[in-house]
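See below for run_39.txt, which holds compact mmCIF, C-alpha atoms.
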# COMPACT_ATOMS: atom_id res chain seq x y z
CA MET A 1 -4.90 8.64 12.90
CA ILE A 2 -1.80 6.47 13.31
CA GLU A 3 1.53 8.10 14.12
CA ALA A 4 4.85 6.27 14.16
CA VAL A 5 7.84 8.39 15.20
CA LYS A 6 11.44 7.18 14.75
CA VAL A 7 10.52 3.54 15.28
CA SER A 8 13.37 1.00 15.28
CA LYS A 9 13.61 -2.76 15.85
CA ARG A 10 16.62 -5.07 15.88
CA PHE A 11 16.66 -8.87 15.95
CA ASP A 12 20.12 -9.96 17.15
CA THR A 13 22.48 -8.56 14.49
CA ILE A 14 19.72 -7.65 12.01
CA GLN A 15 18.34 -4.10 11.97
CA ALA A 16 14.82 -4.91 10.75
CA VAL A 17 13.37 -1.39 11.09
CA ASP A 18 15.50 1.73 11.34
CA GLN A 19 14.15 5.12 12.48
CA VAL A 20 10.86 4.93 10.55
CA SER A 21 8.38 7.79 10.87
CA VAL A 22 4.98 7.53 9.20
CA THR A 23 1.57 9.18 9.58
CA VAL A 24 -1.58 7.40 8.36
CA LYS A 25 -4.69 9.56 8.07
CA GLU A 26 -8.18 8.28 8.84
CA GLY A 27 -10.20 6.87 5.95
CA ASN A 28 -7.12 6.39 3.78
CA VAL A 29 -5.53 3.35 2.20
CA PHE A 30 -1.81 3.41 2.98
CA GLY A 31 0.36 1.16 0.82
CA LEU A 32 3.71 -0.01 2.19
CA ILE A 33 5.95 -1.21 -0.64
CA GLY A 34 9.24 -3.08 -0.33
CA THR A 35 11.18 -6.21 -1.16
CA ASN A 36 11.16 -9.28 1.04
CA GLY A 37 13.35 -8.44 4.03
CA ALA A 38 12.79 -4.68 3.69
CA GLY A 39 11.16 -4.57 7.15
CA LYS A 40 7.48 -4.30 6.12
CA SER A 41 6.16 -7.19 8.22
CA SER A 42 8.19 -6.21 11.30
CA PHE A 43 6.92 -2.63 11.01
CA ILE A 44 3.32 -3.79 10.55
CA ARG A 45 3.59 -6.04 13.64
CA MET A 46 4.85 -3.12 15.67
CA LEU A 47 1.99 -0.93 14.43
CA CYS A 48 -0.42 -3.64 15.56
CA GLY A 49 1.19 -3.92 18.99
CA ILE A 50 2.33 -7.51 18.46
CA ILE A 51 6.00 -6.71 19.06
CA ARG A 52 7.48 -3.84 21.03
CA PRO A 53 9.75 -1.31 19.27
CA ASP A 54 13.27 -0.95 20.66
CA SER A 55 12.88 2.81 20.34
CA GLY A 56 10.40 5.35 19.04
CA SER A 57 6.66 5.62 19.60
CA ILE A 58 3.46 4.36 17.95
CA THR A 59 0.07 5.87 18.78
CA PHE A 60 -3.51 5.44 17.57
CA ASP A 61 -5.47 8.66 18.07
CA GLY A 62 -2.94 9.61 20.73
CA GLN A 63 -3.08 6.25 22.55
CA LYS A 64 -0.19 3.79 22.67
CA VAL A 65 -0.92 0.40 21.13
CA TYR A 66 1.48 -2.05 22.78
CA GLU A 67 -0.24 -3.94 25.65
CA ASN A 68 -3.29 -1.69 25.25
CA VAL A 69 -6.35 -3.95 24.91
CA GLU A 70 -8.83 -1.17 24.18
CA THR A 71 -6.71 0.25 21.36
CA LYS A 72 -6.19 -3.22 19.90
CA ARG A 73 -9.96 -3.74 19.72
CA GLN A 74 -9.93 -1.02 17.08
CA LEU A 75 -7.63 -2.93 14.72
CA PHE A 76 -7.55 -6.24 12.86
CA TYR A 77 -4.36 -7.78 11.50
CA ILE A 78 -4.31 -10.14 8.50
CA SER A 79 -0.88 -11.76 8.46
CA ASP A 80 0.90 -13.13 5.43
CA GLU A 81 0.81 -16.62 6.96
CA GLN A 82 -2.53 -17.18 8.68
CA TYR A 83 -2.82 -19.25 11.84
CA TYR A 84 -6.01 -21.15 12.66
CA PHE A 85 -6.95 -23.30 15.63
CA SER A 86 -6.53 -27.02 14.95
CA ASN A 87 -9.62 -28.61 13.33
CA SER A 88 -11.55 -25.32 13.56
CA THR A 89 -14.25 -24.25 11.11
CA PRO A 90 -15.26 -20.77 9.90
CA LYS A 91 -18.28 -20.98 12.24
CA GLU A 92 -16.02 -21.64 15.25
CA LEU A 93 -13.66 -18.88 14.14
CA ARG A 94 -16.60 -16.49 14.03
CA GLN A 95 -17.52 -17.43 17.62
CA PHE A 96 -13.96 -16.70 18.73
CA TYR A 97 -13.86 -13.28 17.06
CA GLN A 98 -17.25 -12.38 18.54
CA VAL A 99 -15.58 -12.51 21.95
CA VAL A 100 -12.52 -10.48 20.87
CA TYR A 101 -14.47 -7.93 18.81
CA PRO A 102 -17.87 -6.99 20.32
CA GLY A 103 -18.92 -5.32 17.08
CA PHE A 104 -18.38 -8.42 14.93
CA ASP A 105 -21.15 -8.57 12.28
CA VAL A 106 -22.42 -12.16 12.39
CA GLY A 107 -25.08 -11.69 9.71
CA ARG A 108 -22.70 -10.14 7.21
CA PHE A 109 -20.09 -12.81 7.89
CA GLY A 110 -22.58 -15.52 6.91
CA GLN A 111 -23.59 -13.54 3.83
CA LEU A 112 -19.99 -13.06 2.67
CA LEU A 113 -19.14 -16.72 3.28
CA GLY A 114 -21.95 -17.56 0.85
CA GLN A 115 -20.78 -15.02 -1.74
CA PHE A 116 -17.22 -16.37 -1.61
CA GLU A 117 -18.49 -19.98 -1.55
CA LEU A 118 -16.78 -20.87 1.73
CA ASP A 119 -18.49 -23.60 3.79
CA ALA A 120 -19.03 -22.41 7.39
CA ASN A 121 -18.85 -25.98 8.73
CA ARG A 122 -15.86 -27.25 6.75
CA LYS A 123 -12.51 -27.63 8.52
CA ILE A 124 -10.25 -24.72 7.63
CA SER A 125 -7.28 -27.10 7.42
CA THR A 126 -8.82 -28.50 4.22
CA PHE A 127 -9.02 -25.04 2.59
CA SER A 128 -6.55 -23.99 -0.10
CA LYS A 129 -4.11 -21.13 0.57
CA GLY A 130 -6.33 -18.73 -1.35
CA MET A 131 -9.46 -19.83 0.54
CA LYS A 132 -7.70 -19.33 3.88
CA LYS A 133 -6.64 -15.86 2.81
CA GLN A 134 -10.23 -15.06 1.78
CA LEU A 135 -11.49 -16.23 5.17
CA SER A 136 -9.01 -13.96 6.97
CA ILE A 137 -10.16 -11.00 4.90
CA LEU A 138 -13.83 -11.68 5.62
CA CYS A 139 -13.09 -11.92 9.35
CA GLY A 140 -11.21 -8.62 9.15
CA ILE A 141 -14.09 -6.90 7.37
CA CYS A 142 -16.77 -8.26 9.70
CA ALA A 143 -14.83 -7.40 12.85
CA ASN A 144 -15.93 -3.80 12.14
CA THR A 145 -12.68 -2.32 13.40
CA LYS A 146 -11.50 1.19 12.67
CA TYR A 147 -8.17 -0.02 11.28
CA LEU A 148 -7.39 -3.02 9.07
CA PHE A 149 -3.79 -4.19 8.55
CA CYS A 150 -3.01 -6.42 5.59
CA ASP A 151 0.35 -8.14 5.02
CA GLU A 152 0.59 -9.38 1.40
CA THR A 153 -3.20 -9.75 1.44
CA PHE A 154 -3.62 -10.17 -2.32
CA ASP A 155 -0.90 -12.80 -2.62
CA GLY A 156 -2.50 -16.14 -3.54
CA LEU A 157 -5.82 -14.66 -4.68
CA ASP A 158 -7.00 -15.02 -8.26
CA PRO A 159 -7.74 -11.83 -10.26
CA VAL A 160 -11.53 -12.03 -9.78
CA ILE A 161 -11.27 -12.42 -6.00
CA ARG A 162 -8.67 -9.63 -5.81
CA GLN A 163 -11.07 -7.21 -7.49
CA ALA A 164 -13.92 -8.37 -5.25
CA VAL A 165 -11.81 -7.74 -2.13
CA LYS A 166 -10.78 -4.28 -3.37
CA SER A 167 -14.45 -3.43 -3.98
CA ILE A 168 -15.33 -4.49 -0.44
CA PHE A 169 -12.50 -2.36 0.95
CA ALA A 170 -13.71 0.64 -1.04
CA LYS A 171 -17.28 0.16 0.27
CA GLU A 172 -16.11 -0.10 3.90
CA ILE A 173 -13.95 3.02 3.59
CA ALA A 174 -16.83 5.00 2.08
CA GLU A 175 -19.48 3.80 4.55
CA ARG A 176 -17.59 3.77 7.87
CA ASN A 177 -14.34 5.62 7.21
CA MET A 178 -12.22 2.50 7.76
CA THR A 179 -8.45 2.97 7.46
CA VAL A 180 -6.50 0.27 5.61
CA ILE A 181 -2.75 -0.34 5.73
CA ILE A 182 -1.48 -2.79 3.09
CA ALA A 183 2.08 -4.14 2.93
CA SER A 184 3.06 -5.57 -0.45
CA HIS A 185 6.01 -6.09 -2.78
CA ASN A 186 3.80 -5.50 -5.82
CA LEU A 187 3.30 -1.91 -6.99
CA ARG A 188 0.65 -2.86 -9.54
CA GLU A 189 -1.60 -4.39 -6.87
CA LEU A 190 -1.84 -1.13 -4.97
CA GLU A 191 -2.10 1.44 -7.74
CA ASP A 192 -5.89 1.44 -8.01
CA ILE A 193 -6.64 1.43 -4.27
CA CYS A 194 -4.02 3.45 -2.35
CA ASP A 195 -4.19 7.11 -1.32
CA HIS A 196 -0.69 7.23 0.13
CA VAL A 197 2.32 5.05 -0.65
CA GLY A 198 5.57 4.51 1.27
CA LEU A 199 8.64 2.67 -0.01
CA MET A 200 10.70 0.69 2.52
CA HIS A 201 14.25 -0.48 1.87
CA LYS A 202 16.70 -2.03 4.34
CA GLY A 203 14.50 -1.12 7.30
CA GLY A 204 14.02 2.55 6.40
CA ILE A 205 11.55 4.67 4.46
CA LEU A 206 13.00 5.91 1.17
CA LEU A 207 9.88 7.74 0.04
CA SER A 208 6.44 8.48 1.49
CA LYS A 209 3.97 10.59 -0.49
CA GLU A 210 0.31 11.09 -1.35
CA LEU A 211 -0.37 9.26 -4.60
CA PHE A 212 -2.55 12.10 -5.91
CA ASP A 213 0.22 14.64 -5.31
CA MET A 214 2.77 12.42 -7.02
CA LYS A 215 0.56 12.00 -10.07
CA LEU A 216 -0.33 15.70 -10.14
CA ASN A 217 3.26 16.95 -10.07
CA ILE A 218 5.11 14.59 -12.39
CA HIS A 219 4.38 14.02 -16.08
CA LYS A 220 5.73 12.18 -19.08
CA VAL A 221 5.81 13.79 -22.52
CA GLN A 222 6.30 12.00 -25.81
CA CYS A 223 7.17 14.35 -28.66
CA VAL A 224 8.80 14.69 -32.06
CA PHE A 225 10.68 17.82 -33.14
CA GLY A 226 11.53 18.98 -36.64
CA ALA A 227 15.21 19.24 -35.63
CA GLU A 228 17.35 18.28 -32.66
CA ALA A 229 15.86 19.83 -29.52
CA ASP A 230 17.46 21.35 -26.42
CA VAL A 231 15.31 19.75 -23.68
CA GLY A 232 17.09 21.72 -20.94
CA ARG A 233 16.20 25.00 -22.61
CA ILE A 234 12.57 24.00 -23.24
CA PHE A 235 12.04 23.11 -19.59
CA GLN A 236 14.37 25.71 -18.08
CA GLY A 237 13.47 26.31 -14.43
CA MET A 238 11.68 22.93 -14.18
CA GLU A 239 13.18 19.64 -12.98
CA VAL A 240 13.70 17.18 -15.84
CA LEU A 241 13.96 13.73 -14.26
CA LYS A 242 14.69 11.69 -17.36
CA THR A 243 15.10 12.13 -21.12
CA GLU A 244 15.11 9.20 -23.55
CA THR A 245 15.36 9.33 -27.34
CA ARG A 246 14.45 6.65 -29.82
CA GLY A 247 15.11 7.95 -33.30
CA SER A 248 13.26 11.26 -33.53
CA LEU A 249 10.92 10.39 -30.62
CA TYR A 250 11.68 12.09 -27.30
CA THR A 251 10.27 10.72 -24.03
CA ILE A 252 10.72 13.28 -21.25
CA THR A 253 9.76 12.88 -17.60
CA VAL A 254 9.46 16.26 -15.89
CA ARG A 255 8.27 17.53 -12.54
CA GLY A 256 5.50 20.13 -12.76
CA THR A 257 1.79 20.58 -13.42
CA ALA A 258 0.19 19.38 -16.65
CA GLU A 259 -0.68 22.98 -17.55
CA GLU A 260 2.93 24.15 -17.22
CA VAL A 261 4.26 21.17 -19.19
CA GLU A 262 1.73 21.75 -21.99
CA LYS A 263 2.57 25.48 -22.09
CA ARG A 264 6.28 24.73 -22.51
CA MET A 265 5.59 22.20 -25.26
CA GLU A 266 3.29 24.60 -27.08
CA LYS A 267 6.02 27.25 -27.02
CA ALA A 268 8.59 24.72 -28.35
CA ALA A 269 6.28 23.99 -31.32
CA PRO A 270 7.04 20.27 -31.83
CA VAL A 271 5.74 18.31 -34.82
CA PHE A 272 3.88 16.10 -32.35
CA SER A 273 3.51 16.02 -28.56
CA GLU A 274 1.40 14.18 -26.02
CA VAL A 275 1.32 14.33 -22.21
CA ILE A 276 0.92 10.78 -20.87
CA PRO A 277 -0.16 9.88 -17.31
CA LEU A 278 2.41 7.85 -15.40
CA SER A 279 1.69 4.57 -13.66
CA LEU A 280 2.55 4.18 -9.98
CA GLU A 281 5.52 2.07 -11.03
CA GLU A 282 6.85 4.78 -13.36
CA ILE A 283 6.40 7.45 -10.68
CA PHE A 284 8.35 5.42 -8.15
CA VAL A 285 11.09 4.65 -10.65
CA SER A 286 11.51 8.38 -11.29
CA GLU A 287 11.28 9.47 -7.64
CA THR A 288 13.69 6.83 -6.31
CA GLU A 289 16.24 7.49 -9.03
CA VAL A 290 16.30 11.11 -7.85
CA VAL A 291 17.38 9.95 -4.36
CA GLY A 292 19.97 7.58 -5.81
CA TYR A 293 18.18 4.22 -5.93
CA ASP A 294 17.09 1.94 -8.76
CA ILE A 295 13.62 0.75 -7.81
CA LYS A 296 13.74 -2.04 -10.40
CA LYS A 297 16.48 -3.63 -8.31
CA LEU A 298 14.65 -2.91 -5.05
CA ILE A 299 11.20 -4.23 -5.94
CA TYR A 300 11.63 -6.90 -8.56

Please rewrite the model in this file as structure tokens.
Amino acid sequence: MIEAVKVSKRFDTIQAVDQVSVTVKEGNVFGLIGTNGAGKSSFIRMLCGIIRPDSGSITFDGQKVYENVETKRQLFYISDEQYYFSNSTPKELRQFYQVVYPGFDVGRFGQLLGQFELDANRKISTFSKGMKKQLSILCGICANTKYLFCDETFDGLDPVIRQAVKSIFAKEIAERNMTVIIASHNLRELEDICDHVGLMHKGGILLSKELFDMKLNIHKVQCVFGAEADVGRIFQGMEVLKTETRGSLYTITVRGTAEEVEKRMEKAAPVFSEVIPLSLEEIFVSETEVVGYDIKKLIY
């Protein structure tokens, strides 16, 4: 388990990360959402022990990570902008990582290179951006670490490769309880893979919740009534987050279980009603508006 408690980092006059506290459970995929400049990369680098926090603490299973070689052997960091040794090849990169990570799976690395059609003896400098990103991901998978950190990992990958990478992540999590932390500015990329999602803005965490809990406790209802309806009365005692009307069609976002929402609608006896599952984007829009932010301005 990873625990970050009141972590802060300043670069000259810029407060990159401000009093961030986060807990990442084992075997989970934690998605860190935020605009460029929100502090995601700085926070990820501190989690990996690359830079030292100005204040606060970061521990992996109770052990500090900064300048701790043994703890760092348990994690692999895939940066947004990969660095490779000059004129190196995937084969030479594999040899380097075998030294850093004793558990590096050489056989699987060769197998995955073939599946992704990456030449082990070709100079990495001749690879496209997407190919370089694929190579980083394969190295991260084959390092067999307990924790994998990904900074904008899906950026630059085509849709087929993105789905292939997500499938590999899912397999690794199921088979060896790997924990994945993904920083991204794209909500849609993370919806089908994350267990827990945190939203960063201006160096701080606006929202951090289990995705299952968010989906379980917030619902959208589309309905038509025979006459003008009093939404407040129908959902009295429940938190109505948003109500929109388009002609006779009501779209109501309300906090509560599906059973409770359906019971209220049944009692109101509308002409038509349907409870619709919300996307991750819609959930975050609703949740951040409650705390006074417009996520559309923050993310897009």

Between A:Leu249, A:Ile205, A:Ile193, A:Ile182, which is the closest to Ile168 (chain A) once you count all atoms listed in the file?
A:Ile193

Please produce, as a Markdown table, a per-residue contact table for region 129-207 of chain A versus region 32-35 of chain A (criterion: any atom at most 6 Å away, all atoms listed in the file considered), showing the nearest atom pair and its distance in Å to one decimal, sorted by chain then residue number.
| residue | atom | partner | partner_atom | distance |
| --- | --- | --- | --- | --- |
| A:Ile182 | CA | A:Leu32 | CA | 6.0 |
| A:Ala183 | CA | A:Leu32 | CA | 4.5 |
| A:Ser184 | CA | A:Ile33 | CA | 5.2 |
| A:His185 | CA | A:Gly34 | CA | 5.0 |
| A:Val197 | CA | A:Leu32 | CA | 6.0 |
| A:Gly198 | CA | A:Leu32 | CA | 5.0 |
| A:Leu199 | CA | A:Ile33 | CA | 4.8 |
| A:Met200 | CA | A:Gly34 | CA | 4.9 |

Report, in Å to a single decimal, how far apart CA of Thr179 (chain A) and CA of Phe30 (chain A) are.
8.0 Å

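Nearest-residue note for Arg73 (chain A): choosing from A:Gln115, A:Thr145, A:Val22, A:Ser42, the minimum distance belongs to A:Thr145, counting all atoms listed in the file.
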
Shell of 10 Å around Leu148 (chain A), all atoms listed in the file, local chain residues under 2 positions omitted, as a count of residues only:
21

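Counting from CA of Thr153 (chain A), the distance to CA of Ser57 (chain A) is 25.8 Å.
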
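Relative to CA of Arg162 (chain A), CA of Ile276 (chain A) is found at 27.1 Å.
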
Please determine, counting all atoms listed in the file, which residue among A:Tyr147, A:Phe109, A:Phe96, A:Tyr84 has the shortest atom-to-atom distance to Asn28 (chain A).
A:Tyr147
